[in-house]
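The block underneath contains the structure these notes are about, expressed in structure tokens.
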Amino acid sequence: MTRPARLLIVGPQGSGKGTQGVRIAEEFGIPVVSTGDVFRANVKDGTPLGLQVKAIIEAGDLVPDALTSEIVRDRLSQDDAASGFLLDGYPRNLGQVGDLATFLDGRGEGLDAVIELQVPRAESIDRLTRRAFEQGRTDDTEEVIANRLAIYETETAPILDVYREQGIVDAIDGIGSLDEITDRIIAALEARGLARRAAA
Ligand code: AMP
């Protein structure tokens, strides 16, 4: 029986956390829970939630905590998340850190590790600008990118202090090939005794 891995990946927009999150989740046999993906899918499908959050996302602002935390609680309550999960993009501020802790405490759980993907600001901006051309994301315009990075620095970066105090943050250099970065993350998680599904 392997220990379930309950993971969070944090990094500025353009750090590659979405791509690495998917790879790590695959290695550990756990689902990715990405709030950005949930919101984008709802906007695309024109659901009531999508209509509610469309303008917020297009401005690069944060969706209200109560709504975001409710969506995450629902998702984490599904069967496939019982034996671990990888959160991408949530929590994104201190209020959400509190909401998540309350929810996980209630289940007698906690996060095992927080992967902090470190990428210099200039590199993030470069990657985001390139992605804007490739994927045509409406929140990848220059002005919105600047807003999202500013929110990351003021609201999201401080959540790392909380998790650092708990001793669960692994800072990973986000510069290198995709495989190199994935290997660095896996090594850090294995050093915590978290086993990959493939190695189980
Ligand atoms: P992402 O793909 O993670 O950058 O998310 C895209 C957008 O979805 C963000 O710019 C926010 O508008 C919204 N969003 C995603 N996750 C959250 C969250 N945890 N709290 C509030 N808003 C979020």
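Note on naming: chains are A, B, ... as they come in the structure tokens, residues start from 1 per chain, ligands start from 1 in the order shown.
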All residues 8 Å or closer to range 121-129 of chain A, only C-alpha atoms, same chain fewer than 4 positions away omitted, as a PDB file with N, CA, C and O atoms, in the first residue's frame:
ATOM      1  N   PRO A  12       4.631  31.192 -10.554  1.00  0.00           N
ATOM      2  CA  PRO A  12       4.017  32.290 -11.300  1.00  0.00           C
ATOM      3  C   PRO A  12       3.445  31.784 -12.620  1.00  0.00           C
ATOM      4  O   PRO A  12       3.853  30.723 -13.115  1.00  0.00           O
ATOM      5  N   GLN A  13       2.514  32.546 -13.164  1.00  0.00           N
ATOM      6  CA  GLN A  13       1.983  32.196 -14.480  1.00  0.00           C
ATOM      7  C   GLN A  13       3.157  32.100 -15.441  1.00  0.00           C
ATOM      8  O   GLN A  13       4.051  32.937 -15.419  1.00  0.00           O
ATOM      9  N   GLY A  14       3.165  31.072 -16.280  1.00  0.00           N
ATOM     10  CA  GLY A  14       4.266  30.914 -17.220  1.00  0.00           C
ATOM     11  C   GLY A  14       5.435  30.136 -16.628  1.00  0.00           C
ATOM     12  O   GLY A  14       6.466  29.967 -17.269  1.00  0.00           O
ATOM     13  N   SER A  15       5.283  29.618 -15.419  1.00  0.00           N
ATOM     14  CA  SER A  15       6.383  28.859 -14.808  1.00  0.00           C
ATOM     15  C   SER A  15       6.401  27.427 -15.324  1.00  0.00           C
ATOM     16  O   SER A  15       7.358  26.686 -15.074  1.00  0.00           O
ATOM     17  N   PHE A 133       0.211  33.737 -28.326  1.00  0.00           N
ATOM     18  CA  PHE A 133       0.163  33.521 -29.774  1.00  0.00           C
ATOM     19  C   PHE A 133      -0.276  32.100 -30.089  1.00  0.00           C
ATOM     20  O   PHE A 133      -1.104  31.847 -30.950  1.00  0.00           O
ATOM     21  N   ASP A 140      -4.195  36.217 -21.825  1.00  0.00           N
ATOM     22  CA  ASP A 140      -2.762  36.289 -22.075  1.00  0.00           C
ATOM     23  C   ASP A 140      -2.358  37.568 -22.817  1.00  0.00           C
ATOM     24  O   ASP A 140      -1.347  37.595 -23.490  1.00  0.00           O
ATOM     25  N   THR A 141      -3.152  38.634 -22.719  1.00  0.00           N
ATOM     26  CA  THR A 141      -2.725  39.904 -23.313  1.00  0.00           C
ATOM     27  C   THR A 141      -1.714  40.554 -22.365  1.00  0.00           C
ATOM     28  O   THR A 141      -1.665  40.221 -21.175  1.00  0.00           O
ATOM     29  N   GLU A 142      -0.932  41.504 -22.915  1.00  0.00           N
ATOM     30  CA  GLU A 142       0.156  42.086 -22.130  1.00  0.00           C
ATOM     31  C   GLU A 142      -0.319  42.710 -20.809  1.00  0.00           C
ATOM     32  O   GLU A 142       0.261  42.485 -19.749  1.00  0.00           O
ATOM     33  N   ILE A 145      -1.551  39.967 -18.410  1.00  0.00           N
ATOM     34  CA  ILE A 145      -0.391  39.212 -17.904  1.00  0.00           C
ATOM     35  C   ILE A 145       0.242  39.982 -16.740  1.00  0.00           C
ATOM     36  O   ILE A 145       0.546  39.417 -15.686  1.00  0.00           O
TER      37      ILE A 145
END
Residues of chain A in alpha helix (DSSP H), written as a ChimeraX atom specification: /A:17-28,35-45,48-59,65-76,94-106,121-135,142-151,159-165,178-191
Throw together the list of residues within 10 Å of ligand 1, counting only C-alpha atoms and all ligand atoms, and drop it here as a PyMOL selection string. chain A and resi 10-14+17-18+34-40+53-69+71-72+87-93+95-97+137+139-140+144-145+147-149+151-152+156
Using N, CA and C atoms, can you export the residues from the last selection as a compact mmCIF listing (two decimals), in the first residue's frame?
# COMPACT_ATOMS: atom_id res chain seq x y z
N VAL A 10 2.84 25.28 -7.03
CA VAL A 10 2.71 26.74 -7.02
C VAL A 10 3.83 27.35 -7.85
N GLY A 11 3.51 28.37 -8.61
CA GLY A 11 4.54 29.08 -9.38
C GLY A 11 3.87 30.20 -10.12
N PRO A 12 4.63 31.19 -10.55
CA PRO A 12 4.02 32.29 -11.30
C PRO A 12 3.44 31.78 -12.62
N GLN A 13 2.51 32.55 -13.16
CA GLN A 13 1.98 32.20 -14.48
C GLN A 13 3.16 32.10 -15.44
N GLY A 14 3.17 31.07 -16.28
CA GLY A 14 4.27 30.91 -17.22
C GLY A 14 5.43 30.14 -16.63
N LYS A 17 3.89 25.32 -14.50
CA LYS A 17 3.31 24.48 -13.44
C LYS A 17 2.17 23.61 -13.97
N GLY A 18 1.41 24.10 -14.96
CA GLY A 18 0.33 23.29 -15.53
C GLY A 18 0.88 22.03 -16.17
N SER A 34 -7.29 21.47 -11.23
CA SER A 34 -6.85 22.80 -11.66
C SER A 34 -8.05 23.73 -11.72
N THR A 35 -8.08 24.71 -10.83
CA THR A 35 -9.23 25.62 -10.80
C THR A 35 -9.30 26.43 -12.10
N GLY A 36 -8.14 26.80 -12.65
CA GLY A 36 -8.14 27.55 -13.92
C GLY A 36 -8.81 26.74 -15.02
N ASP A 37 -8.50 25.43 -15.08
CA ASP A 37 -9.12 24.57 -16.11
C ASP A 37 -10.63 24.48 -15.90
N VAL A 38 -11.04 24.34 -14.64
CA VAL A 38 -12.49 24.25 -14.35
C VAL A 38 -13.19 25.52 -14.81
N PHE A 39 -12.61 26.67 -14.46
CA PHE A 39 -13.24 27.94 -14.85
C PHE A 39 -13.27 28.09 -16.37
N ARG A 40 -12.14 27.79 -17.02
CA ARG A 40 -12.10 27.95 -18.49
C ARG A 40 -13.12 27.04 -19.18
N VAL A 53 -18.06 34.01 -13.97
CA VAL A 53 -16.63 34.27 -13.77
C VAL A 53 -15.91 34.81 -15.02
N LYS A 54 -16.60 34.85 -16.16
CA LYS A 54 -15.95 35.21 -17.43
C LYS A 54 -15.19 36.54 -17.36
N ALA A 55 -15.87 37.58 -16.91
CA ALA A 55 -15.25 38.91 -16.91
C ALA A 55 -14.07 38.97 -15.94
N ILE A 56 -14.21 38.24 -14.83
CA ILE A 56 -13.14 38.24 -13.81
C ILE A 56 -11.88 37.61 -14.40
N ILE A 57 -12.06 36.47 -15.08
CA ILE A 57 -10.92 35.75 -15.64
C ILE A 57 -10.28 36.57 -16.76
N GLU A 58 -11.12 37.19 -17.57
CA GLU A 58 -10.56 37.96 -18.70
C GLU A 58 -9.78 39.17 -18.22
N ALA A 59 -10.09 39.66 -17.02
CA ALA A 59 -9.33 40.79 -16.47
C ALA A 59 -8.10 40.29 -15.71
N GLY A 60 -8.01 38.97 -15.50
CA GLY A 60 -6.88 38.42 -14.76
C GLY A 60 -7.03 38.59 -13.26
N ASP A 61 -8.25 38.92 -12.80
CA ASP A 61 -8.49 39.06 -11.36
C ASP A 61 -8.85 37.70 -10.76
N LEU A 62 -8.95 37.66 -9.43
CA LEU A 62 -9.28 36.39 -8.77
C LEU A 62 -10.79 36.25 -8.60
N VAL A 63 -11.27 35.05 -8.86
CA VAL A 63 -12.67 34.70 -8.59
C VAL A 63 -12.83 34.70 -7.06
N PRO A 64 -14.00 35.13 -6.52
CA PRO A 64 -14.15 35.17 -5.06
C PRO A 64 -13.83 33.83 -4.38
N ASP A 65 -13.22 33.95 -3.19
CA ASP A 65 -12.77 32.75 -2.46
C ASP A 65 -13.90 31.76 -2.19
N ALA A 66 -15.06 32.26 -1.75
CA ALA A 66 -16.13 31.34 -1.35
C ALA A 66 -16.52 30.44 -2.51
N LEU A 67 -16.65 31.04 -3.68
CA LEU A 67 -17.04 30.28 -4.87
C LEU A 67 -15.94 29.29 -5.27
N THR A 68 -14.70 29.76 -5.28
CA THR A 68 -13.57 28.92 -5.69
C THR A 68 -13.40 27.75 -4.71
N SER A 69 -13.47 28.04 -3.43
CA SER A 69 -13.26 26.98 -2.43
C SER A 69 -14.37 25.94 -2.49
N ILE A 71 -15.97 25.00 -5.16
CA ILE A 71 -15.70 24.16 -6.33
C ILE A 71 -14.62 23.12 -6.01
N VAL A 72 -13.60 23.56 -5.29
CA VAL A 72 -12.51 22.64 -4.94
C VAL A 72 -13.00 21.57 -3.96
N LEU A 87 -3.14 19.64 -6.58
CA LEU A 87 -3.82 20.93 -6.78
C LEU A 87 -2.93 21.85 -7.61
N ASP A 88 -3.53 22.46 -8.64
CA ASP A 88 -2.81 23.43 -9.48
C ASP A 88 -3.64 24.71 -9.53
N GLY A 89 -3.09 25.78 -8.95
CA GLY A 89 -3.80 27.06 -9.03
C GLY A 89 -4.72 27.33 -7.86
N TYR A 90 -4.73 26.47 -6.88
CA TYR A 90 -5.53 26.64 -5.66
C TYR A 90 -4.82 25.95 -4.51
N PRO A 91 -4.65 26.56 -3.36
CA PRO A 91 -5.06 27.92 -2.99
C PRO A 91 -4.16 28.98 -3.60
N ARG A 92 -4.72 30.17 -3.75
CA ARG A 92 -4.02 31.25 -4.43
C ARG A 92 -3.90 32.49 -3.56
N ASN A 93 -4.44 32.43 -2.37
CA ASN A 93 -4.26 33.52 -1.41
C ASN A 93 -4.45 32.94 0.00
N GLY A 95 -6.68 33.45 2.31
CA GLY A 95 -8.06 33.03 2.63
C GLY A 95 -8.31 31.61 2.14
N GLN A 96 -7.86 31.32 0.93
CA GLN A 96 -8.06 29.98 0.37
C GLN A 96 -7.21 28.94 1.10
N VAL A 97 -6.04 29.36 1.58
CA VAL A 97 -5.21 28.43 2.39
C VAL A 97 -6.01 28.00 3.61
N ARG A 137 -5.23 32.44 -25.65
CA ARG A 137 -5.98 32.62 -24.41
C ARG A 137 -6.31 34.09 -24.21
N ASP A 139 -6.84 35.69 -21.61
CA ASP A 139 -6.21 36.34 -20.46
C ASP A 139 -4.69 36.37 -20.61
N ASP A 140 -4.20 36.22 -21.83
CA ASP A 140 -2.76 36.29 -22.08
C ASP A 140 -2.36 37.57 -22.82
N VAL A 144 -3.15 42.10 -19.14
CA VAL A 144 -3.70 41.11 -18.21
C VAL A 144 -2.56 40.26 -17.61
N ILE A 145 -1.55 39.97 -18.41
CA ILE A 145 -0.39 39.21 -17.90
C ILE A 145 0.24 39.98 -16.74
N ASN A 147 -1.14 42.13 -14.77
CA ASN A 147 -2.04 42.08 -13.61
C ASN A 147 -1.94 40.72 -12.91
N ARG A 148 -1.91 39.64 -13.69
CA ARG A 148 -1.86 38.32 -13.08
C ARG A 148 -0.54 38.10 -12.34
N LEU A 149 0.56 38.60 -12.90
CA LEU A 149 1.84 38.44 -12.20
C LEU A 149 1.88 39.28 -10.93
N ILE A 151 -0.70 40.05 -9.06
CA ILE A 151 -1.53 39.35 -8.07
C ILE A 151 -0.76 38.15 -7.50
N TYR A 152 0.01 37.48 -8.36
CA TYR A 152 0.81 36.36 -7.87
C TYR A 152 1.76 36.84 -6.78
N THR A 156 -0.39 35.52 -3.89
CA THR A 156 -0.10 34.07 -3.90
C THR A 156 1.25 33.74 -3.26
Secondary structure check, strand (DSSP E) residues of range 69-148 of chain A, as an MDAnalysis selection string: chainID A and resid 84:88 113:118
Residues near Thr19 in chain A, anyone? I mean within 12 Å using only C-alpha atoms, not counting same-chain ones fewer than 5 positions away, as a PyMOL selection string. chain A and resi 9+11+13-14+24-26+32+34+88+117+174+177-179+181-182
Would you mind exporting N, CA and C atoms of the selected residues as a PDB file, in the first residue's frame?
ATOM      1  N   ILE A   9       1.024  22.387  -6.463  1.00  0.00           N
ATOM      2  CA  ILE A   9       2.104  22.991  -7.243  1.00  0.00           C
ATOM      3  C   ILE A   9       1.827  24.486  -7.362  1.00  0.00           C
ATOM      4  N   GLY A  11       3.509  28.370  -8.612  1.00  0.00           N
ATOM      5  CA  GLY A  11       4.536  29.076  -9.377  1.00  0.00           C
ATOM      6  C   GLY A  11       3.866  30.200 -10.124  1.00  0.00           C
ATOM      7  N   GLN A  13       2.514  32.546 -13.164  1.00  0.00           N
ATOM      8  CA  GLN A  13       1.983  32.196 -14.480  1.00  0.00           C
ATOM      9  C   GLN A  13       3.157  32.100 -15.441  1.00  0.00           C
ATOM     10  N   GLY A  14       3.165  31.072 -16.280  1.00  0.00           N
ATOM     11  CA  GLY A  14       4.266  30.914 -17.220  1.00  0.00           C
ATOM     12  C   GLY A  14       5.435  30.136 -16.628  1.00  0.00           C
ATOM     13  N   ILE A  24       3.486  15.112 -13.162  1.00  0.00           N
ATOM     14  CA  ILE A  24       3.678  14.576 -11.807  1.00  0.00           C
ATOM     15  C   ILE A  24       2.463  13.763 -11.368  1.00  0.00           C
ATOM     16  N   ALA A  25       1.274  14.277 -11.678  1.00  0.00           N
ATOM     17  CA  ALA A  25       0.048  13.558 -11.306  1.00  0.00           C
ATOM     18  C   ALA A  25       0.023  12.184 -11.975  1.00  0.00           C
ATOM     19  N   GLU A  26       0.456  12.152 -13.217  1.00  0.00           N
ATOM     20  CA  GLU A  26       0.506  10.888 -13.963  1.00  0.00           C
ATOM     21  C   GLU A  26       1.462   9.908 -13.269  1.00  0.00           C
ATOM     22  N   VAL A  32      -5.312  15.608 -11.321  1.00  0.00           N
ATOM     23  CA  VAL A  32      -4.979  17.036 -11.211  1.00  0.00           C
ATOM     24  C   VAL A  32      -6.276  17.798 -10.958  1.00  0.00           C
ATOM     25  N   SER A  34      -7.285  21.474 -11.234  1.00  0.00           N
ATOM     26  CA  SER A  34      -6.847  22.803 -11.660  1.00  0.00           C
ATOM     27  C   SER A  34      -8.051  23.726 -11.719  1.00  0.00           C
ATOM     28  N   ASP A  88      -3.533  22.464  -8.638  1.00  0.00           N
ATOM     29  CA  ASP A  88      -2.810  23.426  -9.478  1.00  0.00           C
ATOM     30  C   ASP A  88      -3.635  24.708  -9.527  1.00  0.00           C
ATOM     31  N   LEU A 117       7.633  26.066  -8.024  1.00  0.00           N
ATOM     32  CA  LEU A 117       8.389  26.110  -9.271  1.00  0.00           C
ATOM     33  C   LEU A 117       8.924  27.528  -9.464  1.00  0.00           C
ATOM     34  N   GLY A 174      12.870  25.986 -12.100  1.00  0.00           N
ATOM     35  CA  GLY A 174      11.976  25.762 -13.235  1.00  0.00           C
ATOM     36  C   GLY A 174      12.606  26.052 -14.586  1.00  0.00           C
ATOM     37  N   SER A 177      15.021  21.563 -19.382  1.00  0.00           N
ATOM     38  CA  SER A 177      14.089  20.857 -20.269  1.00  0.00           C
ATOM     39  C   SER A 177      12.923  20.337 -19.431  1.00  0.00           C
ATOM     40  N   LEU A 178      11.823  20.036 -20.089  1.00  0.00           N
ATOM     41  CA  LEU A 178      10.643  19.509 -19.379  1.00  0.00           C
ATOM     42  C   LEU A 178      11.015  18.281 -18.559  1.00  0.00           C
ATOM     43  N   ASP A 179      11.787  17.381 -19.162  1.00  0.00           N
ATOM     44  CA  ASP A 179      12.156  16.146 -18.459  1.00  0.00           C
ATOM     45  C   ASP A 179      13.052  16.419 -17.254  1.00  0.00           C
ATOM     46  N   ILE A 181      13.110  19.059 -15.398  1.00  0.00           N
ATOM     47  CA  ILE A 181      12.327  19.664 -14.315  1.00  0.00           C
ATOM     48  C   ILE A 181      11.443  18.600 -13.653  1.00  0.00           C
ATOM     49  N   THR A 182      10.835  17.752 -14.467  1.00  0.00           N
ATOM     50  CA  THR A 182      10.005  16.666 -13.907  1.00  0.00           C
ATOM     51  C   THR A 182      10.857  15.786 -12.989  1.00  0.00           C
TER      52      THR A 182
END
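Here the question is which of A:Val33, A:Glu109, A:Gly50, A:Ile159 gets nearest to Asp74 in chain A using only C-alpha atoms, and that residue is A:Val33.
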Find the spatial neighbours of Ala5 in chain A, counting only C-alpha atoms, within a cut-off of 12 Å - ignore same-chain residues fewer than 5 positions away - and output them as an MDAnalysis selection string. chainID A and resid 24:32 81:87 109:114 186 189:190 192:197
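Counting from CA of Glu70 in chain A, the distance to CA of Leu8 in chain A is 17.4 Å.
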For Ile168 in chain A, the closest of A:Ala188, A:Leu51, A:Val119, A:Thr154 counting only C-alpha atoms is A:Ala188
